[in-house]
Amino acid sequence: GGLTGLMGRVLGASSPSASGAAGGNLTNDIEEEDLNISVTRPVLPPRSGCVAASNGWIVALVECAPPPGASAPPFSSPSGGSVSSGGGSTTSKHTLTGLIPPLRLVSRWNVRRGASLGSEGNHLVPLPPPVRPVAPSSTTTGGAASVEEIAASSFNNNDPNFGRVAHVFVDPTGCHVLLSARNGEAYYLHSTSKKVKKLNGFGPGSDGSYSGFKQGVSVGEASSADVSGEATAVQTGLTPGSYITAVGWDRDRGTEGSTKRILLGTSFGELYEYSLVSPNAAASSLGKAGMKSPFDTKAGEVLGAMDGEGDDHPIEVPVLLRRLNATGSSSSGGVGSRDHGGGVGGILFQRILGAAGSGCIVVLASTAGPHRHTRLHSFRSEPASSLARTGDGGAPSTPLLTLRSAFSGGGSRSSFVELPGSVEFAELSSCGDGFAMRTETGIYYGAISASGASAGGGGDAGMLNYDNLRQATLSGQQRGGAVMTTPASIGLTPHHFIMLSFANEVRFVNRVARKVIQEERVDWASLSQSSSSTESALQHASSWGAPSAAELLTDVRRPDQIWLRRGRSLVHISSSCEDADVWKFTLERCVERAMPAHPNYAPYDAAATEGAVGSGPLASEEKQIDSQFEHAKSLCSNPSQRAVVTAVRAECHLFQGRADLAAKYMAQCPPALMPFADTAVRLALPMLGEGGDSNEKQASFSPRSGGSKLSSPKANEALASSNMALITFLNDKMKAAKSKKDSMVCTMLGTWLTELHLQERERGGGSSSSSKPAYPLRQLQKQQKPANAPPVNHALLHQFLSSFVRDMDPDAIVNVLASHDMSAGECAGYSAAAGDIGAAVNAALSGEDEKNGALDALRVLNDSPIEKAEPYYYKYAPSLLSRAPMSAAKSFVARYTEGLSDTKLLPAFMHYEQRRKNYRTSGVVDSGEANIAPSATFVDDENASVRYMEGVIKLGSKSRAIYNYLTSLYAGMDDEGPLFRFLSAHVPPATSSITGEGGVTELLLKQADDERKSPLDKSYALRTILRTGRHFRSAVKLYMGFGMRQQAVELALKVDPSLARELARQSHDKDETKRLWLMIARNAAANAGTTSRDGKDIVARVVMVLKDCGPDILSIEDVLPFLPDFAQIDQFKDEICDALASYSSKIERYLKEMNECDQACDALRDELSRLKTVGTRVRADARCAFTNRRVLEEGEPFYAFPSGYVALESALKREVMPYLNERQVERVKFLEGELARLRRSRASGGERSPYEEAKDHYEMQELQVELDGLIAAECPLTGSVMVDSIDRGFSDDEDDFA
């Protein structure tokens, strides 16, 4: 179905209202009211190619028929001449009406708004009359023909079709309309404009000359010439005699304001570059800084002037890019040559973006014509990565991916495909990445890719012959003996080709099935609103050269929207559910490619297929077929369709021998298509020798029969060689049951799968042509598993049981494993699932392989919940540590965060370390426990215990026992590094020493508090380290942690004197520092005395200590007692001289400081004397700076500041108090309270002695002075208070503004 009669509302019908609308402004040079002639000109239906659709807009160009009684078609007489009757002054009515130019109107109508003719949603804009070229000059006698002569030879002024609009083009946004006339003219109309603009460079100008045309070569030819060093001009403007026949829009970058760069194709087979800009666009959008195109200012610019500007720069005149199928003079820059390869029928170009900026531009253009070759040309630019420009400083900039790069430059590539036959106009349609081209023999289709026009992923490019379409038509829809000829028009949707024949037959061809699925004949008489008016209008239009053939219109923005038009009738033939049966055709195509084409499968050759059957990786072709199955599944609209695709997919894979993959898709099918029992038996019978035989008659797979379940030799061999297909099927079914929480199904399937996995494990995975297993189902009791059992099958069994251990019945699984003579060690993991963790661990530890048994026991404990496994960790920890110490330690650490106690495991580690000690001394290891059997192999690992202690401490353990035991382990090592790093991380340096300000008592209290907070017992650590007689650096670290710097220095002097000096430098107490350096100097003298006889070495060492400690710590007289009596003064006379010089300089400095102090005291005395006489004058009418009240009338103390401001005491307090700190505020309150108390005491009137009066007066003065210093230390309006209040808001209190 569709919408009928829309064109009547778009273009208007032959009604009085429509005639009236078309009757205004009919003449160009002749005024109708002067002639007094009543002219009625009906609107004709639009011509073929004069209607376009885009983004819901229908744009058409219509013409008015000539006045009634006109003897000749419009423009039958030469233009420019005056017509008279016999030379008289009377002009006949018919002659004058023949002079009236054709009235042409552009109609824009929006389908979505449903507007009618003349309403707000419909726009009618008139076109100016066509321009005829200037007659060529007759004085030309020889030489090259002028442009006017070429144009005159190209057009026949008596041609009734001269100047008529041939094509209408609309951009994807629906805002830009381009109209092309046969005389070469082009008009532009924007959706916001009410006036049509004649474009420069297209056909004759307003004066009839071809001033916009500048002869030259194409961009491609100029690029080749530019490489050779020749400067060649590029042609601008359309070649005279040609007109626009196709437009390639920029779908990616075009906007409502500008189309950006577009491609224009002409009737001479030329491609031009152009751009359309809205007249309302801002000037800044026309180019950089208002620049014009280089082609506007000077004709024939050399190629490259605009290569760096990109596609955002506008073009005012078309630039010739390429001449298609050009030969002879036309290829060398000549114009007017009629020897061209046909007009351009369609243009497509697309930007293809790749990874890492490797995109390119691909352009497709079709050319054809009567008795011309039908060709599809493709152009591809150089990859954008190689076109990248460099910015300032040589840095790479954005890749330059312009439209012109597809036609110029050494990296661009061009090619064409020549197709059989010849058509007048090669229509080129597109939808997404696909395209379709109409030819004489068929439809050429394909997809746009980086390599041009090629197959879209699966060999989809090719020719769809019309004869093959007739043979492939669905049964029951064939027309008896009808011959399928070249269609009049074609369309392309996401899933179908649409063909319109000249007999008004519409055929829908599925793109996947390559056959006609629907064929209908359009009855225009029943679809039109007024059949009589429509037929009369068509007959009228035919009599005046307007063809009445139907055509297909494709929405440029939405290619899936197809319209069928004939005359004024417009039918929407697109379907919203056109993909209803596409999945079926896609599925049949997949089966045809995956299965043999002949009815019976090829004879089976076992030798040829040996090793090729199984579940190996898919080949490239198989992956391609599998991806097409996925595509068919994506086209399905409901679960039933997807289930059918999955079932057929499974049968195809099984038919090809890929049993595992087939079983995977079988499990996804619903029971209605593949019942569980039937499918499971089908997969299991070949393994039991009951399936199909490879020698029986071969059967084929028929997708048309719904995927009949027939076997093939490859399928039989794959199913008979292994149970993996059945295992895969049951495994997926069990996953589905697990998601549904169906415990009954999981128990049954789990038991069956366990049996199958055990059988595969016992068979060893060896393939056999017979259906019986290669190994018996039950092995000998002493043989736990076959010697040649592959590790893959063993891993699959463990993976299955570990994945579904929570979803199966553990008792049933253990019984199955026991029935296959599995050892206790192998059953340990599954016994844990049954809830008996102790039995599982005991079974694992009772095996012959003690190490692997311990690992299995740890695996059982790790997989069990901590609340169940925790007691068994404590019970079997000694045994686990003796067999796999490092693994056990890691396991204990991993479960510490879940609640495994570190203190309960500590005895096991202590027992393990004791056994290690006994093992090293005597070589005999005794378990020491009755419930643990003596271990034949004891693993001695010195890092296991340390690894566990470090792990739990890193995870947040605060147990003092763990810290102390780790310290003892570190102390027993030969390497002091781990112990020192551990103490550095957990022993903070003391902030004070014993001789600090707080005394010994305060230091001891602080150390006791630190000991209580720290998990490390520093006293125990220090005793342990000193007991070893080594690791003194760590002992020094502990002394420093206690704050005992002197003891640390004493110990450091024994092992490392440099460390002692470093500790002495870190002291901040001057007396302690001097005492430490004296200790270092005494030690240096004592050590040197044992080796020196004359005392020189002693003096040198002591002097070195003086230099290390600095001049302010020790002097020569401090170390003189350490020097020997027989030491000569010459050995340290320099130090004595330095000391005397230092004393002299200090004396001088002290004298200078005393003089400065005397001068400062004298200055202060003078200043105090001056201040006693300083006064401040206050006016009698002085007002408070904060309350604006008179201070002398308030009866309240006030303050006068040197700045001139006066403030009452209460107002000053209120202003200053917010800027005092907490301590000052409390002091002000205290002073005010004391002053109030003293005032009350004085006002009580009691008898008081003069001494008491004087004392109170003195105290009040002292308190008042202190209070004044707090609140009146500076003026609040000119001091720091004003600076601090800069960010405060204005007050809302009215009193502040009183």
# chains A, B, ... in the order shown; residues from 1 in each chain; ligands from 1
$ residues_around --residues "Trp583 in chain A" --least-positions-apart "4" --cutoff "9 Å" --atoms "only C-alpha atoms" --output "compact mmCIF listing (two decimals) with C-alpha atoms, in the first residue's frame"
# COMPACT_ATOMS: atom_id res chain seq x y z
CA ASP A 579 13.02 -7.92 6.45
CA LEU A 587 19.75 -19.12 5.89
CA GLU A 588 19.22 -20.91 2.57
CA HIS A 631 24.03 -12.59 10.31
CA ALA A 632 20.97 -14.69 9.54
CA LYS A 633 20.31 -14.99 13.27
CA SER A 634 20.52 -11.23 13.70
CA LEU A 635 17.82 -10.80 11.03
CA CYS A 636 15.33 -12.90 12.99
CA SER A 637 12.53 -11.07 14.74
CA GLN A 641 13.09 -17.95 13.92
CA VAL A 645 18.60 -20.86 12.41
$ atom_distance --atom1 "CA of Ala677 in chain A" --atom2 "CA of Ala737 in chain A"
15.5 Å
